[in-house]
Amino acid sequence: MKVLISCGTKFHSDHLAYQLQNRNSLYKLITSHPSFAYKRVPVNRGKIIFLPPIFAVSLILDKLLGKFYFFKSPFEWLLAVVYDWMASLRVGNPDVSISWAWASLQTIRAVKTNGGIAILEECGSCNKHQEQLLSEEYERLNLDYESKTFKKIITRELQECQEADYILCPSRYVADSLNKCGISNHKLIVIPYGVELNLFNRQPKKDKIFRVLFVGSIGVRKGLIYLFQALKNLKLDNFECLIIGSVESAFQDIFTEYQQYFTHIPRVEHSQLKEYYSNSSVFVLPSLDEGMAYVQLEAMACGLPVICTPNSGGDSVIREGEEGFIIPIRDSQAIQEKIEYLYQNPPELSRIGNNALKRAKEFTWDNYGTHLEMALKELLAKKV
């Protein structure tokens with residue numbers, strides 16, 4: 001089996017390539033991620049085609065122009081089209097390709113022309129679905145919504161989904177969002193991501209404070225206002241909430257309104273996060289839209305129960321009442337009730353935390369590679 005990977009930046013393409021390499025299935029990896037920064041796992045350099053790092057241009061413009069980078073989305077669409085064209089010229093003759101959404105249309109066509117199976121990698125929910133959900137939420141919060149997704153990106157993504165043979169999704173939520181946008185369910189493959197257990201593992205808790213933790217960008221999409229509303233109504237002793245992440249400008253006024261109910265740390269090095277996970281009691285992720293947030297598995301690997309929405313991608317890793325709780329989106333009361341339940345029931349807090357620790361070990365990158373290999377072999381067998 002020869003598997004081609006095409007990813008304009010990095011995401012988890014290095015982990016994917018490494019797993020295929022270990023199974024003698026990596027044909028080649030095409031990327032425009034800078035070669036000097038592609039070193040998280042030891043992928044054979046002879047298998048990697050490094051295209052010009054064109055997406056770095058957008059990162060530079062973002063830093064230089066900030067809010068004046070108003071043309072970011074259409075420019076990134078253009079970069080994706082250019083990358084896709086360059087990658088499509090180098091696909092060769094793989095048995096299977098896995099290429100990232102909205103930078104894959106020409107690559108999909110080239111692979112299928114050469115007789116291969118083309119799989120589209122969808123890290124997040126369908127952009128059309130995401131736009132509808134976020135515009136509704138901004139209206140609920142009386143905020144002005146300015147779409148950050150260029151319409152041609154939405155159109156291109158749906159076209160890729162239609163032309164790809166299959167679509168690889170990290171969670172049931174992502175698959176359902178595509179299904180709602182007209183993509184046939186038989187094309188959808190769900191395999192949750194892995195967690196790096198060498199980086200995330202339980203450390204001794206340093207105090208007896210019952211601490212709720214959130215890690216991620218602080219904005220509307222994360223559903224944080226519903227956590228904030230729950231915190232406002234909680235009346236618990238020896239309790240605190242810690243929020244780690246940068247605040248999005250559109251969310252600043254809401255953040256400031258509730259800031260008295262939590263402690264904020266703008267940034268923590270990824271390598272240090274396990275200390276914060278381990279010194280907390282429960283992890284809360286009330287997201288309205290994610291693909292599958294890595295932070296949930298990271299928290300579980302450090303022994304934390306997780307309270308999340310199905311839209312966080314936690315629907316594919318967390319079992320209700322076993323490793324945590326899956327609550328509806330936009331439900332501050334449910335967040336409050338679950339926090340109070342774990343606070344008032346230390347044996348349950350311990351049981352669910354230990355379950356989370358065990359469950360996280362089922363979602364390693366090695367296991368991801370095993371499940372993916374099995375799925376690819378089944379697809380090739382069907383083709384024959």
# chains A, B, ... in the order shown; residues from 1 in each chain; ligands from 1
>>> select_by_dssp(residues="segment 152-193 of chain A", states="alpha helix (DSSP H)", output="PyMOL selection string")
chain A and resi 152-163+172-180
>>> residues_around(residues="Asp62 of chain A", least_positions_apart="6", cutoff="9 Å", atoms="only C-alpha atoms", output="list in words")
Phe68, Tyr69 and Lys72 of chain A
>>> write_last_selection(atoms="C-alpha atoms", output="PDB file, in the first residue's frame")
ATOM      1  CA  PHE A  68      -5.677  45.815   8.855  1.00  0.00           C
ATOM      2  CA  TYR A  69      -5.110  42.420   7.262  1.00  0.00           C
ATOM      3  CA  LYS A  72      -6.602  37.507   4.885  1.00  0.00           C
TER       4      LYS A  72
END
>>> closest_residue(among="A:Cys123, A:Leu199, A:Ala80, A:Ile108", to="Cys302 of chain A", atoms="only C-alpha atoms")
A:Leu199
>>> closest_residue(among="A:Ser249, A:Asn233, A:Gln130, A:Ser281", to="Leu349 of chain A", atoms="only C-alpha atoms")
A:Ser281
>>> atom_distance(atom1="atom CA of Ala164 of chain A", atom2="atom CA of Leu120 of chain A")
6.1 Å
>>> closest_atom_pairs(of="segment 30-106 of chain A", to="segment 1-17 of chain A", cutoff="9 Å", atoms="only C-alpha atoms", output="JSON lines")
{"residue": "A:Ile30", "atom": "CA", "partner": "A:Ser6", "partner_atom": "CA", "distance": 4.7}
{"residue": "A:Thr31", "atom": "CA", "partner": "A:Gly8", "partner_atom": "CA", "distance": 4.9}
{"residue": "A:Ser32", "atom": "CA", "partner": "A:Gly8", "partner_atom": "CA", "distance": 5.0}
{"residue": "A:His33", "atom": "CA", "partner": "A:Thr9", "partner_atom": "CA", "distance": 4.6}
{"residue": "A:Pro34", "atom": "CA", "partner": "A:Thr9", "partner_atom": "CA", "distance": 8.3}
{"residue": "A:Tyr38", "atom": "CA", "partner": "A:Asp14", "partner_atom": "CA", "distance": 7.6}
{"residue": "A:Lys39", "atom": "CA", "partner": "A:Asp14", "partner_atom": "CA", "distance": 8.3}
{"residue": "A:Arg40", "atom": "CA", "partner": "A:Asp14", "partner_atom": "CA", "distance": 7.3}
{"residue": "A:Val41", "atom": "CA", "partner": "A:Asp14", "partner_atom": "CA", "distance": 6.6}
{"residue": "A:Pro42", "atom": "CA", "partner": "A:Asp14", "partner_atom": "CA", "distance": 8.5}
{"residue": "A:Val43", "atom": "CA", "partner": "A:Ala17", "partner_atom": "CA", "distance": 6.7}
{"residue": "A:Leu51", "atom": "CA", "partner": "A:Gly8", "partner_atom": "CA", "distance": 8.6}
{"residue": "A:Pro53", "atom": "CA", "partner": "A:Thr9", "partner_atom": "CA", "distance": 8.3}
{"residue": "A:Ile54", "atom": "CA", "partner": "A:Gly8", "partner_atom": "CA", "distance": 8.6}
{"residue": "A:Phe55", "atom": "CA", "partner": "A:Thr9", "partner_atom": "CA", "distance": 7.1}
{"residue": "A:Ala56", "atom": "CA", "partner": "A:Thr9", "partner_atom": "CA", "distance": 8.8}
{"residue": "A:Ala80", "atom": "CA", "partner": "A:Gly8", "partner_atom": "CA", "distance": 7.4}
{"residue": "A:Tyr83", "atom": "CA", "partner": "A:Gly8", "partner_atom": "CA", "distance": 6.6}
{"residue": "A:Asp84", "atom": "CA", "partner": "A:Gly8", "partner_atom": "CA", "distance": 8.1}
{"residue": "A:Ala87", "atom": "CA", "partner": "A:Ser6", "partner_atom": "CA", "distance": 7.2}
{"residue": "A:Val91", "atom": "CA", "partner": "A:Leu4", "partner_atom": "CA", "distance": 7.2}
{"residue": "A:Gly92", "atom": "CA", "partner": "A:Leu4", "partner_atom": "CA", "distance": 8.8}
{"residue": "A:Asn93", "atom": "CA", "partner": "A:Lys2", "partner_atom": "CA", "distance": 8.4}
{"residue": "A:Pro94", "atom": "CA", "partner": "A:Lys2", "partner_atom": "CA", "distance": 5.2}
{"residue": "A:Asp95", "atom": "CA", "partner": "A:Lys2", "partner_atom": "CA", "distance": 5.2}
{"residue": "A:Val96", "atom": "CA", "partner": "A:Val3", "partner_atom": "CA", "distance": 4.8}
{"residue": "A:Ser97", "atom": "CA", "partner": "A:Leu4", "partner_atom": "CA", "distance": 4.5}
{"residue": "A:Ile98", "atom": "CA", "partner": "A:Ile5", "partner_atom": "CA", "distance": 4.9}
{"residue": "A:Ser99", "atom": "CA", "partner": "A:Ser6", "partner_atom": "CA", "distance": 4.5}
{"residue": "A:Trp100", "atom": "CA", "partner": "A:Cys7", "partner_atom": "CA", "distance": 5.4}
{"residue": "A:Ala101", "atom": "CA", "partner": "A:Cys7", "partner_atom": "CA", "distance": 8.8}
{"residue": "A:Ala103", "atom": "CA", "partner": "A:Gly8", "partner_atom": "CA", "distance": 7.2}
{"residue": "A:Ser104", "atom": "CA", "partner": "A:Ser6", "partner_atom": "CA", "distance": 7.9}
>>> write_last_selection(atoms="C-alpha atoms", output="PDB file, in the first residue's frame")
ATOM      1  CA  ILE A  30       3.990  16.961   0.154  1.00  0.00           C
ATOM      2  CA  THR A  31       3.966  20.127   2.244  1.00  0.00           C
ATOM      3  CA  SER A  32       4.874  23.796   2.162  1.00  0.00           C
ATOM      4  CA  HIS A  33       5.589  23.882   5.874  1.00  0.00           C
ATOM      5  CA  PRO A  34       9.170  25.155   6.326  1.00  0.00           C
ATOM      6  CA  TYR A  38       9.244  19.956  10.368  1.00  0.00           C
ATOM      7  CA  LYS A  39      10.893  18.032  13.167  1.00  0.00           C
ATOM      8  CA  ARG A  40       8.289  16.955  15.735  1.00  0.00           C
ATOM      9  CA  VAL A  41       8.617  13.302  14.735  1.00  0.00           C
ATOM     10  CA  PRO A  42      11.387  11.641  12.648  1.00  0.00           C
ATOM     11  CA  VAL A  43       9.774  11.354   9.212  1.00  0.00           C
ATOM     12  CA  LEU A  51       7.258  23.113  -1.668  1.00  0.00           C
ATOM     13  CA  PRO A  53       6.595  27.960   2.182  1.00  0.00           C
ATOM     14  CA  ILE A  54       3.932  30.220   0.721  1.00  0.00           C
ATOM     15  CA  PHE A  55       1.593  30.072   3.729  1.00  0.00           C
ATOM     16  CA  ALA A  56       4.319  31.742   5.810  1.00  0.00           C
ATOM     17  CA  ALA A  80      -4.397  27.214  -1.126  1.00  0.00           C
ATOM     18  CA  TYR A  83      -0.348  25.104  -3.282  1.00  0.00           C
ATOM     19  CA  ASP A  84      -2.887  22.604  -4.604  1.00  0.00           C
ATOM     20  CA  ALA A  87       1.107  19.534  -5.214  1.00  0.00           C
ATOM     21  CA  VAL A  91       1.342  13.182  -6.798  1.00  0.00           C
ATOM     22  CA  GLY A  92       2.852  10.294  -8.775  1.00  0.00           C
ATOM     23  CA  ASN A  93       0.854   7.064  -8.619  1.00  0.00           C
ATOM     24  CA  PRO A  94      -0.209   6.354  -5.020  1.00  0.00           C
ATOM     25  CA  ASP A  95      -2.785   3.757  -4.076  1.00  0.00           C
ATOM     26  CA  VAL A  96      -4.369   6.251  -1.674  1.00  0.00           C
ATOM     27  CA  SER A  97      -4.012   9.974  -1.027  1.00  0.00           C
ATOM     28  CA  ILE A  98      -4.930  11.929   2.103  1.00  0.00           C
ATOM     29  CA  SER A  99      -5.017  15.666   1.442  1.00  0.00           C
ATOM     30  CA  TRP A 100      -6.211  18.615   3.508  1.00  0.00           C
ATOM     31  CA  ALA A 101      -9.507  20.385   2.816  1.00  0.00           C
ATOM     32  CA  ALA A 103      -6.212  22.904  -0.749  1.00  0.00           C
ATOM     33  CA  SER A 104      -6.884  19.609  -2.537  1.00  0.00           C
TER      34      SER A 104
END
>>> closest_residue(among="A:Ile191, A:Asn127, A:Asp366, A:Pro305", to="Tyr341 of chain A", atoms="only C-alpha atoms")
A:Pro305
>>> closest_residue(among="A:Leu236, A:Gly219, A:Pro286, A:Tyr27", to="Leu141 of chain A", atoms="only C-alpha atoms")
A:Gly219
>>> residues_around(residues="segment 315-329 of chain A", least_positions_apart="6", cutoff="7 Å", atoms="only C-alpha atoms", output="list of chain:residue names")
A:Ser171, A:Arg172, A:Pro192, A:Pro286, A:Leu288, A:Pro305, A:Val306, A:Ile307, A:Cys308, A:Thr309, A:Ile352, A:Gly353, A:Asn355, A:Ala356
>>> atom_distance(atom1="atom CA of Asp176 of chain A", atom2="atom CA of Ser287 of chain A")
15.9 Å
>>> decode(residues="segment 129-281 of chain A", atoms="C-alpha atoms", output="compact mmCIF listing (two decimals), in the first residue's frame")
# COMPACT_ATOMS: atom_id res chain seq x y z
CA HIS A 129 -22.26 24.72 8.74
CA GLN A 130 -19.76 26.70 10.81
CA GLU A 131 -20.79 29.98 9.19
CA GLN A 132 -24.46 29.37 9.95
CA LEU A 133 -23.74 28.42 13.56
CA LEU A 134 -21.45 31.37 14.28
CA SER A 135 -23.65 33.97 12.61
CA GLU A 136 -26.54 32.77 14.81
CA GLU A 137 -24.37 33.00 17.92
CA TYR A 138 -23.11 36.51 17.18
CA GLU A 139 -26.73 37.60 16.72
CA ARG A 140 -27.68 36.01 20.07
CA LEU A 141 -24.89 37.97 21.74
CA ASN A 142 -25.73 41.24 19.91
CA LEU A 143 -22.33 41.30 18.28
CA ASP A 144 -21.57 42.31 14.71
CA TYR A 145 -20.62 39.25 12.71
CA GLU A 146 -18.04 39.60 9.99
CA SER A 147 -17.42 36.31 8.25
CA LYS A 148 -13.76 35.32 8.26
CA THR A 149 -14.32 32.63 5.65
CA PHE A 150 -14.09 33.68 2.02
CA LYS A 151 -17.11 32.37 0.09
CA LYS A 152 -14.88 30.66 -2.45
CA ILE A 153 -13.35 28.61 0.38
CA ILE A 154 -16.81 27.31 1.28
CA THR A 155 -17.59 26.52 -2.35
CA ARG A 156 -14.23 24.84 -2.91
CA GLU A 157 -14.52 22.72 0.22
CA LEU A 158 -17.93 21.38 -0.80
CA GLN A 159 -16.66 20.64 -4.30
CA GLU A 160 -13.71 18.71 -2.83
CA CYS A 161 -16.10 16.75 -0.63
CA GLN A 162 -18.19 15.82 -3.65
CA GLU A 163 -15.21 14.76 -5.77
CA ALA A 164 -13.22 12.92 -3.09
CA ASP A 165 -13.86 9.21 -2.71
CA TYR A 166 -13.93 9.44 1.07
CA ILE A 167 -13.61 12.07 3.81
CA LEU A 168 -11.57 11.51 6.96
CA CYS A 169 -13.08 13.17 10.06
CA PRO A 170 -11.69 13.40 13.63
CA SER A 171 -15.10 13.28 15.31
CA ARG A 172 -18.73 12.39 14.80
CA TYR A 173 -19.57 16.09 15.03
CA VAL A 174 -17.46 16.87 11.96
CA ALA A 175 -19.04 14.00 10.05
CA ASP A 176 -22.54 15.16 11.03
CA SER A 177 -21.79 18.74 9.91
CA LEU A 178 -20.78 17.46 6.48
CA ASN A 179 -23.83 15.23 6.31
CA LYS A 180 -26.06 18.25 7.05
CA CYS A 181 -24.42 20.07 4.14
CA GLY A 182 -25.34 17.36 1.68
CA ILE A 183 -22.34 15.01 1.86
CA SER A 184 -23.31 11.34 1.74
CA ASN A 185 -22.77 9.49 5.01
CA HIS A 186 -21.17 6.50 3.27
CA LYS A 187 -18.17 8.68 2.33
CA LEU A 188 -17.42 9.66 5.94
CA ILE A 189 -14.73 7.92 8.01
CA VAL A 190 -14.35 8.89 11.68
CA ILE A 191 -11.01 8.29 13.42
CA PRO A 192 -10.23 10.51 16.46
CA TYR A 193 -6.78 12.04 16.78
CA GLY A 194 -4.08 10.93 19.20
CA VAL A 195 -2.39 12.52 22.20
CA GLU A 196 1.32 12.59 22.95
CA LEU A 197 1.50 10.72 26.25
CA ASN A 198 5.19 11.54 26.59
CA LEU A 199 4.19 15.21 26.89
CA PHE A 200 0.94 14.86 28.83
CA ASN A 201 0.77 12.73 31.95
CA ARG A 202 -0.52 13.19 35.47
CA GLN A 203 1.66 15.12 37.92
CA PRO A 204 1.06 15.50 41.68
CA LYS A 205 -1.54 18.17 42.49
CA LYS A 206 0.09 20.96 44.49
CA ASP A 207 -2.90 22.23 46.46
CA LYS A 208 -6.42 21.34 47.59
CA ILE A 209 -8.26 24.01 45.62
CA PHE A 210 -11.07 22.74 43.41
CA ARG A 211 -9.99 24.27 40.12
CA VAL A 212 -11.90 24.43 36.83
CA LEU A 213 -9.63 24.82 33.81
CA PHE A 214 -10.13 26.02 30.24
CA VAL A 215 -7.35 26.14 27.63
CA GLY A 216 -7.79 27.64 24.17
CA SER A 217 -8.55 30.83 22.28
CA ILE A 218 -11.01 33.03 24.15
CA GLY A 219 -13.87 33.96 21.86
CA VAL A 220 -17.43 33.38 20.74
CA ARG A 221 -16.74 30.05 19.01
CA LYS A 222 -15.52 28.48 22.25
CA GLY A 223 -18.86 29.12 23.98
CA LEU A 224 -17.10 30.67 26.94
CA ILE A 225 -19.92 33.04 27.82
CA TYR A 226 -21.87 29.97 29.00
CA LEU A 227 -19.02 28.93 31.28
CA PHE A 228 -18.81 32.52 32.56
CA GLN A 229 -22.54 32.56 33.31
CA ALA A 230 -22.18 29.28 35.20
CA LEU A 231 -19.27 30.68 37.22
CA LYS A 232 -21.33 33.74 38.16
CA ASN A 233 -23.97 31.48 39.71
CA LEU A 234 -21.60 29.09 41.50
CA LYS A 235 -21.34 29.55 45.26
CA LEU A 236 -18.50 27.23 46.23
CA ASP A 237 -15.74 27.49 48.82
CA ASN A 238 -12.08 26.83 48.07
CA PHE A 239 -12.85 27.12 44.35
CA GLU A 240 -11.39 28.92 41.36
CA CYS A 241 -11.51 28.90 37.57
CA LEU A 242 -8.39 29.33 35.45
CA ILE A 243 -8.68 30.46 31.83
CA ILE A 244 -5.58 30.09 29.63
CA GLY A 245 -5.47 31.67 26.18
CA SER A 246 -5.52 34.90 24.21
CA VAL A 247 -8.68 37.02 23.99
CA GLU A 248 -10.22 37.69 20.58
CA SER A 249 -11.03 41.38 20.03
CA ALA A 250 -14.75 40.80 19.29
CA PHE A 251 -15.11 39.03 22.64
CA GLN A 252 -13.22 41.57 24.75
CA ASP A 253 -16.26 43.35 26.24
CA ILE A 254 -17.90 40.09 27.32
CA PHE A 255 -14.59 38.86 28.73
CA THR A 256 -14.17 42.06 30.74
CA GLU A 257 -17.75 41.90 32.07
CA TYR A 258 -17.13 38.49 33.67
CA GLN A 259 -13.42 38.78 34.49
CA GLN A 260 -14.02 38.90 38.24
CA TYR A 261 -15.13 35.24 38.17
CA PHE A 262 -11.89 33.70 36.94
CA THR A 263 -8.12 34.04 36.73
CA HIS A 264 -6.65 34.64 33.30
CA ILE A 265 -3.23 33.64 31.92
CA PRO A 266 -2.73 34.87 28.33
CA ARG A 267 -0.22 32.23 27.28
CA VAL A 268 1.50 29.08 28.54
CA GLU A 269 4.16 27.12 26.69
CA HIS A 270 2.76 23.86 25.34
CA SER A 271 5.42 21.88 27.19
CA GLN A 272 4.27 23.40 30.51
CA LEU A 273 0.55 22.79 30.11
CA LYS A 274 0.63 19.43 31.87
CA GLU A 275 1.46 21.25 35.12
CA TYR A 276 -1.74 23.31 34.80
CA TYR A 277 -3.84 20.30 33.84
CA SER A 278 -2.46 18.28 36.75
CA ASN A 279 -3.08 21.07 39.25
CA SER A 280 -6.73 21.35 38.24
CA SER A 281 -9.81 19.32 39.15
